[in-house]
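With PDB, C-alpha atoms inside, this is upload05.pdb:
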ATOM      1  CA  MET A   1      67.474  22.887 -44.912  1.00  0.00           C
ATOM      2  CA  SER A   2      68.389  25.021 -47.905  1.00  0.00           C
ATOM      3  CA  VAL A   3      69.360  23.144 -51.070  1.00  0.00           C
ATOM      4  CA  GLU A   4      71.397  25.005 -53.695  1.00  0.00           C
ATOM      5  CA  PRO A   5      70.520  23.800 -57.229  1.00  0.00           C
ATOM      6  CA  PRO A   6      74.136  23.313 -58.422  1.00  0.00           C
ATOM      7  CA  ALA A   7      74.810  20.930 -55.537  1.00  0.00           C
ATOM      8  CA  LEU A   8      71.528  19.040 -55.646  1.00  0.00           C
ATOM      9  CA  ARG A   9      72.394  16.538 -58.353  1.00  0.00           C
ATOM     10  CA  SER A  10      75.666  15.330 -56.831  1.00  0.00           C
ATOM     11  CA  ARG A  11      74.280  15.476 -53.309  1.00  0.00           C
ATOM     12  CA  THR A  12      71.275  13.373 -54.252  1.00  0.00           C
ATOM     13  CA  ALA A  13      73.295  10.798 -56.169  1.00  0.00           C
ATOM     14  CA  THR A  14      75.751  10.412 -53.278  1.00  0.00           C
ATOM     15  CA  ALA A  15      73.007  10.109 -50.683  1.00  0.00           C
ATOM     16  CA  LEU A  16      71.136   7.469 -52.673  1.00  0.00           C
ATOM     17  CA  ALA A  17      74.311   5.512 -53.403  1.00  0.00           C
ATOM     18  CA  ASP A  18      75.015   5.373 -49.662  1.00  0.00           C
ATOM     19  CA  PHE A  19      71.424   4.492 -48.769  1.00  0.00           C
ATOM     20  CA  PRO A  20      70.794   0.779 -48.043  1.00  0.00           C
ATOM     21  CA  ARG A  21      67.631   0.599 -50.107  1.00  0.00           C
ATOM     22  CA  GLN A  22      65.039  -2.043 -49.246  1.00  0.00           C
ATOM     23  CA  SER A  23      63.300  -3.808 -52.123  1.00  0.00           C
ATOM     24  CA  THR A  24      60.173  -5.895 -51.630  1.00  0.00           C
ATOM     25  CA  THR A  25      58.767  -8.927 -53.424  1.00  0.00           C
ATOM     26  CA  ARG A  26      54.965  -9.241 -53.320  1.00  0.00           C
ATOM     27  CA  SER A  27      53.258 -11.538 -55.797  1.00  0.00           C
ATOM     28  CA  ASP A  28      49.867 -10.169 -54.712  1.00  0.00           C
ATOM     29  CA  LEU A  29      50.735  -6.618 -55.815  1.00  0.00           C
ATOM     30  CA  ARG A  30      51.207  -5.132 -59.276  1.00  0.00           C
ATOM     31  CA  ALA A  31      54.611  -3.584 -59.929  1.00  0.00           C
ATOM     32  CA  ALA A  32      54.601   0.179 -60.446  1.00  0.00           C
ATOM     33  CA  ALA A  33      57.042   3.064 -60.406  1.00  0.00           C
ATOM     34  CA  VAL A  34      56.934   6.783 -59.700  1.00  0.00           C
ATOM     35  CA  ALA A  35      59.453   9.471 -60.600  1.00  0.00           C
ATOM     36  CA  VAL A  36      60.841  12.023 -58.194  1.00  0.00           C
ATOM     37  CA  ALA A  37      61.944  14.353 -60.985  1.00  0.00           C
ATOM     38  CA  LEU A  38      64.235  17.173 -59.900  1.00  0.00           C
ATOM     39  CA  VAL A  39      64.043  20.391 -61.898  1.00  0.00           C
ATOM     40  CA  ILE A  40      65.219  23.976 -61.517  1.00  0.00           C
ATOM     41  CA  ASN A  41      62.510  26.614 -61.795  1.00  0.00           C
ATOM     42  CA  ASP A  42      62.772  30.051 -63.382  1.00  0.00           C
ATOM     43  CA  ILE A  43      63.961  31.656 -60.139  1.00  0.00           C
ATOM     44  CA  SER A  44      66.719  29.055 -59.718  1.00  0.00           C
ATOM     45  CA  GLU A  45      65.032  27.014 -56.998  1.00  0.00           C
ATOM     46  CA  ALA A  46      65.569  23.263 -56.772  1.00  0.00           C
ATOM     47  CA  CYS A  47      62.141  21.654 -57.224  1.00  0.00           C
ATOM     48  CA  PHE A  48      60.420  18.336 -57.808  1.00  0.00           C
ATOM     49  CA  VAL A  49      57.524  17.638 -60.161  1.00  0.00           C
ATOM     50  CA  LEU A  50      54.123  16.961 -58.602  1.00  0.00           C
ATOM     51  CA  THR A  51      50.801  16.490 -60.370  1.00  0.00           C
ATOM     52  CA  ARG A  52      47.161  16.796 -59.460  1.00  0.00           C
ATOM     53  CA  ARG A  53      45.173  13.985 -61.035  1.00  0.00           C
ATOM     54  CA  THR A  54      42.002  14.787 -62.938  1.00  0.00           C
ATOM     55  CA  SER A  55      38.599  14.089 -61.445  1.00  0.00           C
ATOM     56  CA  THR A  56      37.806  11.665 -64.273  1.00  0.00           C
ATOM     57  CA  VAL A  57      40.552   9.058 -63.887  1.00  0.00           C
ATOM     58  CA  ARG A  58      39.476   5.629 -62.717  1.00  0.00           C
ATOM     59  CA  THR A  59      41.597   5.478 -59.574  1.00  0.00           C
ATOM     60  CA  HIS A  60      42.699   8.140 -57.073  1.00  0.00           C
ATOM     61  CA  ALA A  61      40.842  10.933 -58.854  1.00  0.00           C
ATOM     62  CA  GLY A  62      41.809  14.440 -57.793  1.00  0.00           C
ATOM     63  CA  GLN A  63      44.723  13.309 -55.646  1.00  0.00           C
ATOM     64  CA  TRP A  64      48.261  14.670 -55.536  1.00  0.00           C
ATOM     65  CA  ALA A  65      50.674  12.297 -57.229  1.00  0.00           C
ATOM     66  CA  LEU A  66      54.194  11.901 -58.488  1.00  0.00           C
ATOM     67  CA  PRO A  67      54.321  10.985 -62.193  1.00  0.00           C
ATOM     68  CA  GLY A  68      54.124   7.220 -62.505  1.00  0.00           C
ATOM     69  CA  GLY A  69      52.123   4.095 -63.129  1.00  0.00           C
ATOM     70  CA  ARG A  70      52.267   0.344 -63.500  1.00  0.00           C
ATOM     71  CA  LEU A  71      55.088  -1.427 -65.289  1.00  0.00           C
ATOM     72  CA  ASP A  72      54.373  -2.658 -68.806  1.00  0.00           C
ATOM     73  CA  ASP A  73      55.503  -6.148 -69.781  1.00  0.00           C
ATOM     74  CA  GLY A  74      59.292  -6.353 -69.862  1.00  0.00           C
ATOM     75  CA  GLU A  75      59.827  -2.975 -68.206  1.00  0.00           C
ATOM     76  CA  THR A  76      62.052  -2.219 -65.251  1.00  0.00           C
ATOM     77  CA  PRO A  77      60.974   0.386 -62.662  1.00  0.00           C
ATOM     78  CA  VAL A  78      63.404   2.845 -64.269  1.00  0.00           C
ATOM     79  CA  ASP A  79      61.898   2.199 -67.721  1.00  0.00           C
ATOM     80  CA  ALA A  80      58.384   2.754 -66.400  1.00  0.00           C
ATOM     81  CA  ALA A  81      59.240   5.898 -64.435  1.00  0.00           C
ATOM     82  CA  LEU A  82      60.900   7.522 -67.452  1.00  0.00           C
ATOM     83  CA  ARG A  83      58.033   6.508 -69.757  1.00  0.00           C
ATOM     84  CA  GLU A  84      55.432   7.887 -67.368  1.00  0.00           C
ATOM     85  CA  LEU A  85      57.368  11.139 -67.007  1.00  0.00           C
ATOM     86  CA  HIS A  86      57.142  11.592 -70.757  1.00  0.00           C
ATOM     87  CA  GLU A  87      53.508  10.513 -71.020  1.00  0.00           C
ATOM     88  CA  GLU A  88      52.132  12.460 -68.044  1.00  0.00           C
ATOM     89  CA  VAL A  89      54.141  15.678 -68.018  1.00  0.00           C
ATOM     90  CA  GLY A  90      56.033  15.715 -71.324  1.00  0.00           C
ATOM     91  CA  LEU A  91      59.440  15.439 -69.678  1.00  0.00           C
ATOM     92  CA  ASP A  92      62.141  13.528 -71.555  1.00  0.00           C
ATOM     93  CA  VAL A  93      65.111  12.282 -69.544  1.00  0.00           C
ATOM     94  CA  SER A  94      67.420   9.332 -70.098  1.00  0.00           C
ATOM     95  CA  ALA A  95      68.600   6.486 -67.919  1.00  0.00           C
ATOM     96  CA  ASP A  96      71.845   8.446 -67.472  1.00  0.00           C
ATOM     97  CA  ASP A  97      69.818  11.017 -65.515  1.00  0.00           C
ATOM     98  CA  VAL A  98      68.647   8.485 -62.911  1.00  0.00           C
ATOM     99  CA  LEU A  99      70.228   9.314 -59.547  1.00  0.00           C
ATOM    100  CA  GLY A 100      68.997   6.295 -57.594  1.00  0.00           C
ATOM    101  CA  LEU A 101      66.030   4.524 -56.033  1.00  0.00           C
ATOM    102  CA  LEU A 102      64.184   4.795 -52.752  1.00  0.00           C
ATOM    103  CA  ASP A 103      62.487   1.954 -50.853  1.00  0.00           C
ATOM    104  CA  ASP A 104      59.614   0.047 -52.429  1.00  0.00           C
ATOM    105  CA  TYR A 105      56.243   1.087 -51.025  1.00  0.00           C
ATOM    106  CA  PRO A 106      53.238  -1.308 -50.984  1.00  0.00           C
ATOM    107  CA  THR A 107      49.913   0.443 -51.444  1.00  0.00           C
ATOM    108  CA  ARG A 108      46.474  -0.459 -50.175  1.00  0.00           C
ATOM    109  CA  SER A 109      45.137  -0.226 -53.718  1.00  0.00           C
ATOM    110  CA  GLY A 110      47.224  -3.160 -54.923  1.00  0.00           C
ATOM    111  CA  PHE A 111      50.526  -1.769 -56.187  1.00  0.00           C
ATOM    112  CA  LEU A 112      54.155  -2.112 -55.188  1.00  0.00           C
ATOM    113  CA  ILE A 113      55.722   1.244 -56.032  1.00  0.00           C
ATOM    114  CA  THR A 114      59.408   1.761 -56.731  1.00  0.00           C
ATOM    115  CA  PRO A 115      60.379   5.464 -56.482  1.00  0.00           C
ATOM    116  CA  VAL A 116      62.989   6.481 -59.074  1.00  0.00           C
ATOM    117  CA  VAL A 117      64.839   9.756 -58.480  1.00  0.00           C
ATOM    118  CA  VAL A 118      65.858  11.488 -61.718  1.00  0.00           C
ATOM    119  CA  TRP A 119      67.570  14.720 -62.655  1.00  0.00           C
ATOM    120  CA  ALA A 120      65.925  16.940 -65.263  1.00  0.00           C
ATOM    121  CA  GLY A 121      67.615  20.228 -64.398  1.00  0.00           C
ATOM    122  CA  PRO A 122      66.768  23.716 -65.690  1.00  0.00           C
ATOM    123  CA  ASP A 123      64.956  24.883 -68.805  1.00  0.00           C
ATOM    124  CA  VAL A 124      62.355  22.138 -68.849  1.00  0.00           C
ATOM    125  CA  GLU A 125      58.891  22.455 -70.358  1.00  0.00           C
ATOM    126  CA  LEU A 126      56.153  20.554 -68.571  1.00  0.00           C
ATOM    127  CA  THR A 127      52.980  19.677 -70.466  1.00  0.00           C
ATOM    128  CA  PRO A 128      50.137  17.850 -68.690  1.00  0.00           C
ATOM    129  CA  GLN A 129      48.476  14.855 -70.311  1.00  0.00           C
ATOM    130  CA  ALA A 130      44.884  16.068 -70.363  1.00  0.00           C
ATOM    131  CA  ALA A 131      43.323  12.657 -69.727  1.00  0.00           C
ATOM    132  CA  GLU A 132      45.149  12.085 -66.427  1.00  0.00           C
ATOM    133  CA  VAL A 133      46.780  15.286 -65.197  1.00  0.00           C
ATOM    134  CA  GLU A 134      44.824  18.357 -64.220  1.00  0.00           C
ATOM    135  CA  HIS A 135      47.823  20.451 -63.205  1.00  0.00           C
ATOM    136  CA  ILE A 136      51.601  20.191 -62.855  1.00  0.00           C
ATOM    137  CA  TYR A 137      53.534  21.838 -60.034  1.00  0.00           C
ATOM    138  CA  ALA A 138      57.269  22.438 -59.688  1.00  0.00           C
ATOM    139  CA  VAL A 139      57.449  22.352 -55.899  1.00  0.00           C
ATOM    140  CA  PRO A 140      60.551  23.723 -54.179  1.00  0.00           C
ATOM    141  CA  VAL A 141      62.424  20.940 -52.426  1.00  0.00           C
ATOM    142  CA  ALA A 142      62.694  23.233 -49.397  1.00  0.00           C
ATOM    143  CA  ASP A 143      58.900  23.055 -49.020  1.00  0.00           C
ATOM    144  CA  ILE A 144      59.052  19.387 -47.976  1.00  0.00           C
ATOM    145  CA  ASP A 145      61.742  19.966 -45.360  1.00  0.00           C
ATOM    146  CA  VAL A 146      59.053  20.048 -42.687  1.00  0.00           C
ATOM    147  CA  GLU A 147      57.901  17.605 -40.065  1.00  0.00           C
ATOM    148  CA  PRO A 148      54.978  15.435 -41.194  1.00  0.00           C
ATOM    149  CA  ARG A 149      51.957  14.723 -39.066  1.00  0.00           C
ATOM    150  CA  PHE A 150      51.254  11.143 -37.987  1.00  0.00           C
ATOM    151  CA  LEU A 151      47.689  10.110 -37.172  1.00  0.00           C
ATOM    152  CA  ARG A 152      46.194   6.970 -35.691  1.00  0.00           C
ATOM    153  CA  ILE A 153      43.101   5.456 -37.258  1.00  0.00           C
ATOM    154  CA  PRO A 154      40.952   2.552 -36.019  1.00  0.00           C
ATOM    155  CA  GLU A 155      41.369   0.648 -39.297  1.00  0.00           C
ATOM    156  CA  SER A 156      45.140   0.153 -38.929  1.00  0.00           C
ATOM    157  CA  ASP A 157      47.878  -0.386 -36.354  1.00  0.00           C
ATOM    158  CA  GLN A 158      50.256   1.812 -38.381  1.00  0.00           C
ATOM    159  CA  PRO A 159      50.320   5.631 -38.427  1.00  0.00           C
ATOM    160  CA  VAL A 160      48.884   7.606 -41.330  1.00  0.00           C
ATOM    161  CA  ILE A 161      51.418  10.107 -42.671  1.00  0.00           C
ATOM    162  CA  GLN A 162      50.305  13.591 -43.671  1.00  0.00           C
ATOM    163  CA  LEU A 163      52.851  15.943 -45.256  1.00  0.00           C
ATOM    164  CA  PRO A 164      52.037  19.675 -45.091  1.00  0.00           C
ATOM    165  CA  LEU A 165      51.975  21.191 -48.580  1.00  0.00           C
ATOM    166  CA  PHE A 166      49.886  23.871 -50.318  1.00  0.00           C
ATOM    167  CA  ASP A 167      48.254  24.821 -46.982  1.00  0.00           C
ATOM    168  CA  ARG A 168      46.774  21.328 -46.764  1.00  0.00           C
ATOM    169  CA  PHE A 169      48.082  17.773 -46.395  1.00  0.00           C
ATOM    170  CA  VAL A 170      49.427  15.297 -48.948  1.00  0.00           C
ATOM    171  CA  HIS A 171      48.965  11.629 -48.017  1.00  0.00           C
ATOM    172  CA  ALA A 172      50.790   8.376 -48.717  1.00  0.00           C
ATOM    173  CA  PRO A 173      52.026   6.969 -50.982  1.00  0.00           C
ATOM    174  CA  THR A 174      53.170  10.375 -52.280  1.00  0.00           C
ATOM    175  CA  ALA A 175      53.773  11.717 -48.780  1.00  0.00           C
ATOM    176  CA  ALA A 176      55.744   8.630 -47.774  1.00  0.00           C
ATOM    177  CA  VAL A 177      58.023   8.866 -50.825  1.00  0.00           C
ATOM    178  CA  LEU A 178      58.648  12.593 -50.380  1.00  0.00           C
ATOM    179  CA  TYR A 179      59.276  12.164 -46.662  1.00  0.00           C
ATOM    180  CA  GLN A 180      61.868   9.469 -47.338  1.00  0.00           C
ATOM    181  CA  PHE A 181      63.503  11.675 -49.978  1.00  0.00           C
ATOM    182  CA  ARG A 182      63.702  14.454 -47.430  1.00  0.00           C
ATOM    183  CA  GLU A 183      65.162  12.215 -44.767  1.00  0.00           C
ATOM    184  CA  VAL A 184      67.703  10.423 -46.989  1.00  0.00           C
ATOM    185  CA  VAL A 185      68.804  13.256 -49.286  1.00  0.00           C
ATOM    186  CA  LEU A 186      68.421  16.391 -47.200  1.00  0.00           C
ATOM    187  CA  HIS A 187      69.407  14.957 -43.826  1.00  0.00           C
ATOM    188  CA  GLY A 188      71.305  11.737 -44.480  1.00  0.00           C
ATOM    189  CA  ARG A 189      68.977   9.684 -42.299  1.00  0.00           C
ATOM    190  CA  PRO A 190      68.144   6.136 -43.538  1.00  0.00           C
ATOM    191  CA  THR A 191      64.484   6.420 -42.606  1.00  0.00           C
ATOM    192  CA  ARG A 192      62.011   3.664 -43.553  1.00  0.00           C
ATOM    193  CA  VAL A 193      58.503   4.476 -44.744  1.00  0.00           C
ATOM    194  CA  ALA A 194      56.943   1.280 -46.122  1.00  0.00           C
ATOM    195  CA  HIS A 195      54.996   0.817 -42.884  1.00  0.00           C
ATOM    196  CA  LEU A 196      53.421   4.273 -43.040  1.00  0.00           C
ATOM    197  CA  GLU A 197      49.713   4.058 -43.663  1.00  0.00           C
ATOM    198  CA  GLN A 198      47.473   5.609 -46.286  1.00  0.00           C
ATOM    199  CA  PRO A 199      44.143   7.236 -45.409  1.00  0.00           C
ATOM    200  CA  VAL A 200      41.152   4.966 -45.799  1.00  0.00           C
ATOM    201  CA  PHE A 201      39.858   6.887 -48.834  1.00  0.00           C
ATOM    202  CA  ALA A 202      43.004   5.803 -50.739  1.00  0.00           C
ATOM    203  CA  TRP A 203      42.573   2.086 -49.983  1.00  0.00           C
ATOM    204  CA  ARG A 204      40.616   1.430 -53.164  1.00  0.00           C
TER     205      ARG A 204
END
What does the file become when written as structure tokens?
Amino acid sequence: MSVEPPALRSRTATALADFPRQSTTRSDLRAAAVAVALVINDISEACFVLTRRTSTVRTHAGQWALPGGRLDDGETPVDAALRELHEEVGLDVSADDVLGLLDDYPTRSGFLITPVVVWAGPDVELTPQAAEVEHIYAVPVADIDVEPRFLRIPESDQPVIQLPLFDRFVHAPTAAVLYQFREVVLHGRPTRVAHLEQPVFAWR
């Protein structure tokens, strides 16, 4: 489905306001947040910000990721998502630019992720934090309006989600968040994703 940049902000805010978001409480998981940051690229395409983690970070080295990380003491998920956007990709947005939240997603590596959808708009400059981010991509939103692949693995009763992107596959949690964004915002379908599995290599 084509998404025109001028309509994306209001469309996203309306869709998220109408979405019956599910929050989760898990004392065994550390609270974290990621940002689905919407930008407009230099050819006027609606995009979201995606990073490739460096090979030297302690966890999930080399993986595709949305900007984000664990909550600091006293932070809300929105606080953490906006802080991580600034720290990881040099993007400064305010709480007024937050369009809404998606469902919490529990990870196999011990985090409970809250996805925060924010509007950054055109004319943004993205600068990777060298210690954590190898590369930043502004990915057209239209590129995730595809059907994911669901695989069965012997280690879990739940399906592993694989989202086609860059002529390869992105996995959960990133794939689960982007798939829910696609379903809720682009198609108005209140699709749940917390049950979708990560590949075994991401369990640590």
Query raised in the report: Which polymer residues, protein or nucleic acid, are no farther than 8 Å from (48.9, 11.6, -68.1), counting only C-alpha atoms, as a list in words?
Result: Glu84, Glu87, Glu88, Val89, Pro128, Gln129, Ala130, Ala131, Glu132 and Val133 of chain A
Serialized selection, C-alpha atoms, as an mmCIF file, in the frame of the given file:
data_model
loop_
_atom_site.group_PDB
_atom_site.id
_atom_site.type_symbol
_atom_site.label_atom_id
_atom_site.label_comp_id
_atom_site.auth_asym_id
_atom_site.auth_seq_id
_atom_site.Cartn_x
_atom_site.Cartn_y
_atom_site.Cartn_z
ATOM 1 C CA GLU A 84 55.432 7.887 -67.368
ATOM 2 C CA GLU A 87 53.508 10.513 -71.020
ATOM 3 C CA GLU A 88 52.132 12.460 -68.044
ATOM 4 C CA VAL A 89 54.141 15.678 -68.018
ATOM 5 C CA PRO A 128 50.137 17.850 -68.690
ATOM 6 C CA GLN A 129 48.476 14.855 -70.311
ATOM 7 C CA ALA A 130 44.884 16.068 -70.363
ATOM 8 C CA ALA A 131 43.323 12.657 -69.727
ATOM 9 C CA GLU A 132 45.149 12.085 -66.427
ATOM 10 C CA VAL A 133 46.780 15.286 -65.197
#
I'd like the contact shell of A:Thr51 - 7 Å cut-off, only C-alpha atoms, skipping same-chain residues fewer than 3 positions apart - returned as a PDB file with C-alpha atoms, in the coordinates of the input.
ATOM      1  CA  TRP A  64      48.261  14.670 -55.536  1.00  0.00           C
ATOM      2  CA  ALA A  65      50.674  12.297 -57.229  1.00  0.00           C
ATOM      3  CA  LEU A  66      54.194  11.901 -58.488  1.00  0.00           C
ATOM      4  CA  PRO A  67      54.321  10.985 -62.193  1.00  0.00           C
ATOM      5  CA  VAL A 133      46.780  15.286 -65.197  1.00  0.00           C
ATOM      6  CA  HIS A 135      47.823  20.451 -63.205  1.00  0.00           C
ATOM      7  CA  ILE A 136      51.601  20.191 -62.855  1.00  0.00           C
ATOM      8  CA  TYR A 137      53.534  21.838 -60.034  1.00  0.00           C
TER       9      TYR A 137
END
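Atom CA of A:Pro122 is positioned 19.6 Å from atom CA of A:Val185.
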Query - Residues within 10 Å of A:Asp123, all atoms listed in the file, excluding chain neighbours under 3 positions, as an NGL selection string - result: :A and (39-42 or 120 or 126)
Query - Of the listed residues A:Val93, A:Ile144, A:Leu16, A:Val193, that which approaches A:Ala35 most closely, counting only C-alpha atoms - result: A:Val93
**Report entry** Residues selected by the PyMOL selection byres ((chain A and resi 38) around 9), written as a PyMOL selection string
**Finding:** chain A and resi 8-9+36-37+39-40+46-49+117-121+138+141
Those selected residues, please, written with C-alpha atoms and delivered as a CSV table (one decimal), in the frame of the given file.
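Written output follows (again_28.csv):
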chain,number,residue,atom,x,y,z
A,8,LEU,CA,71.5,19.0,-55.6
A,9,ARG,CA,72.4,16.5,-58.4
A,36,VAL,CA,60.8,12.0,-58.2
A,37,ALA,CA,61.9,14.4,-61.0
A,39,VAL,CA,64.0,20.4,-61.9
A,40,ILE,CA,65.2,24.0,-61.5
A,46,ALA,CA,65.6,23.3,-56.8
A,47,CYS,CA,62.1,21.7,-57.2
A,48,PHE,CA,60.4,18.3,-57.8
A,49,VAL,CA,57.5,17.6,-60.2
A,117,VAL,CA,64.8,9.8,-58.5
A,118,VAL,CA,65.9,11.5,-61.7
A,119,TRP,CA,67.6,14.7,-62.7
A,120,ALA,CA,65.9,16.9,-65.3
A,121,GLY,CA,67.6,20.2,-64.4
A,138,ALA,CA,57.3,22.4,-59.7
A,141,VAL,CA,62.4,20.9,-52.4
I'd like the neighbourhood of A:Gln22 as a PDB file with C-alpha atoms, in the coordinates of the input, where a residue qualifies if any of its atoms comes within 7 Å (using all atoms listed in the file), though same-chain residues fewer than 2 positions away should be ignored.
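Ended up saving to selection.pdb:
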ATOM      1  CA  PRO A  20      70.794   0.779 -48.043  1.00  0.00           C
ATOM      2  CA  THR A  24      60.173  -5.895 -51.630  1.00  0.00           C
ATOM      3  CA  ASP A 103      62.487   1.954 -50.853  1.00  0.00           C
ATOM      4  CA  ASP A 104      59.614   0.047 -52.429  1.00  0.00           C
TER       5      ASP A 104
END
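Our summary of the geometry notes that atom CA of A:Gln180 is positioned 7.5 Å from atom CA of A:Leu102.
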Query raised in the report: What is the distance, in Å and to one decimal place, between atom CA of A:Gly188 and atom CA of A:Gly69?
Result: 27.8 Å
Query - Residues matched by the PyMOL selection byres ((chain A and resi 107-115) around 9) as a ChimeraX atom specification - result: /A:23-26,28-36,59,68-70,77-78,81,100-106,116-117,172-173,177,194,197-198,200,202-204
Requested in this report: For stretch 162-169 of chain A, work out the shell of residues within 10 Å, counting only C-alpha atoms and skipping chain neighbours fewer than 6 positions away, then give it as a PyMOL selection string.
Outcome: chain A and resi 64+139+143-151+175-176+178-179+196-199
Evaluate the PyMOL selection byres ((chain A and resi 11) around 12) and report residues as a short mmCIF file (atom, residue, chain, number, x, y, z; two decimals) with C-alpha atoms, keeping the file's coordinate frame:
data_model
loop_
_atom_site.label_atom_id
_atom_site.label_comp_id
_atom_site.auth_asym_id
_atom_site.auth_seq_id
_atom_site.Cartn_x
_atom_site.Cartn_y
_atom_site.Cartn_z
CA VAL A 3 69.36 23.14 -51.07
CA GLU A 4 71.40 25.00 -53.70
CA PRO A 5 70.52 23.80 -57.23
CA PRO A 6 74.14 23.31 -58.42
CA ALA A 7 74.81 20.93 -55.54
CA LEU A 8 71.53 19.04 -55.65
CA ARG A 9 72.39 16.54 -58.35
CA SER A 10 75.67 15.33 -56.83
CA THR A 12 71.28 13.37 -54.25
CA ALA A 13 73.30 10.80 -56.17
CA THR A 14 75.75 10.41 -53.28
CA ALA A 15 73.01 10.11 -50.68
CA LEU A 16 71.14 7.47 -52.67
CA ALA A 17 74.31 5.51 -53.40
CA ASP A 18 75.02 5.37 -49.66
CA LEU A 99 70.23 9.31 -59.55
CA GLY A 100 69.00 6.30 -57.59
CA TRP A 119 67.57 14.72 -62.66
CA PHE A 181 63.50 11.68 -49.98
CA VAL A 184 67.70 10.42 -46.99
CA VAL A 185 68.80 13.26 -49.29
CA LEU A 186 68.42 16.39 -47.20
CA HIS A 187 69.41 14.96 -43.83
CA GLY A 188 71.31 11.74 -44.48
#
Complete stretch 28-43 of chain A with N, CA and C atoms (output as a compact mmCIF listing (two decimals), in the frame of the given file).
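The resulting selection_8.txt:
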# COMPACT_ATOMS: atom_id res chain seq x y z
N ASP A 28 51.26 -10.61 -54.75
CA ASP A 28 49.87 -10.17 -54.71
C ASP A 28 49.69 -8.71 -55.14
N LEU A 29 50.80 -8.02 -55.43
CA LEU A 29 50.74 -6.62 -55.82
C LEU A 29 51.29 -6.43 -57.23
N ARG A 30 50.75 -5.45 -57.93
CA ARG A 30 51.21 -5.13 -59.28
C ARG A 30 52.37 -4.15 -59.20
N ALA A 31 53.43 -4.44 -59.96
CA ALA A 31 54.61 -3.58 -59.93
C ALA A 31 54.32 -2.23 -60.59
N ALA A 32 54.78 -1.18 -59.94
CA ALA A 32 54.60 0.18 -60.45
C ALA A 32 55.83 1.00 -60.10
N ALA A 33 55.93 2.16 -60.70
CA ALA A 33 57.04 3.06 -60.41
C ALA A 33 56.55 4.50 -60.44
N VAL A 34 57.18 5.35 -59.63
CA VAL A 34 56.93 6.78 -59.70
C VAL A 34 58.27 7.48 -59.85
N ALA A 35 58.24 8.68 -60.40
CA ALA A 35 59.45 9.47 -60.60
C ALA A 35 59.46 10.66 -59.65
N VAL A 36 60.55 10.79 -58.91
CA VAL A 36 60.84 12.02 -58.19
C VAL A 36 61.78 12.80 -59.12
N ALA A 37 61.20 13.66 -59.94
CA ALA A 37 61.94 14.35 -60.98
C ALA A 37 62.38 15.72 -60.48
N LEU A 38 63.67 15.94 -60.42
CA LEU A 38 64.24 17.17 -59.90
C LEU A 38 64.48 18.16 -61.04
N VAL A 39 63.93 19.34 -60.89
CA VAL A 39 64.04 20.39 -61.90
C VAL A 39 64.47 21.68 -61.21
N ILE A 40 64.88 22.64 -62.02
CA ILE A 40 65.22 23.98 -61.52
C ILE A 40 64.23 24.96 -62.12
N ASN A 41 63.53 25.72 -61.27
CA ASN A 41 62.51 26.61 -61.80
C ASN A 41 63.13 27.93 -62.29
N ASP A 42 62.27 28.84 -62.74
CA ASP A 42 62.77 30.05 -63.38
C ASP A 42 63.34 31.07 -62.41
N ILE A 43 63.28 30.79 -61.11
CA ILE A 43 63.96 31.66 -60.14
C ILE A 43 65.07 30.88 -59.44
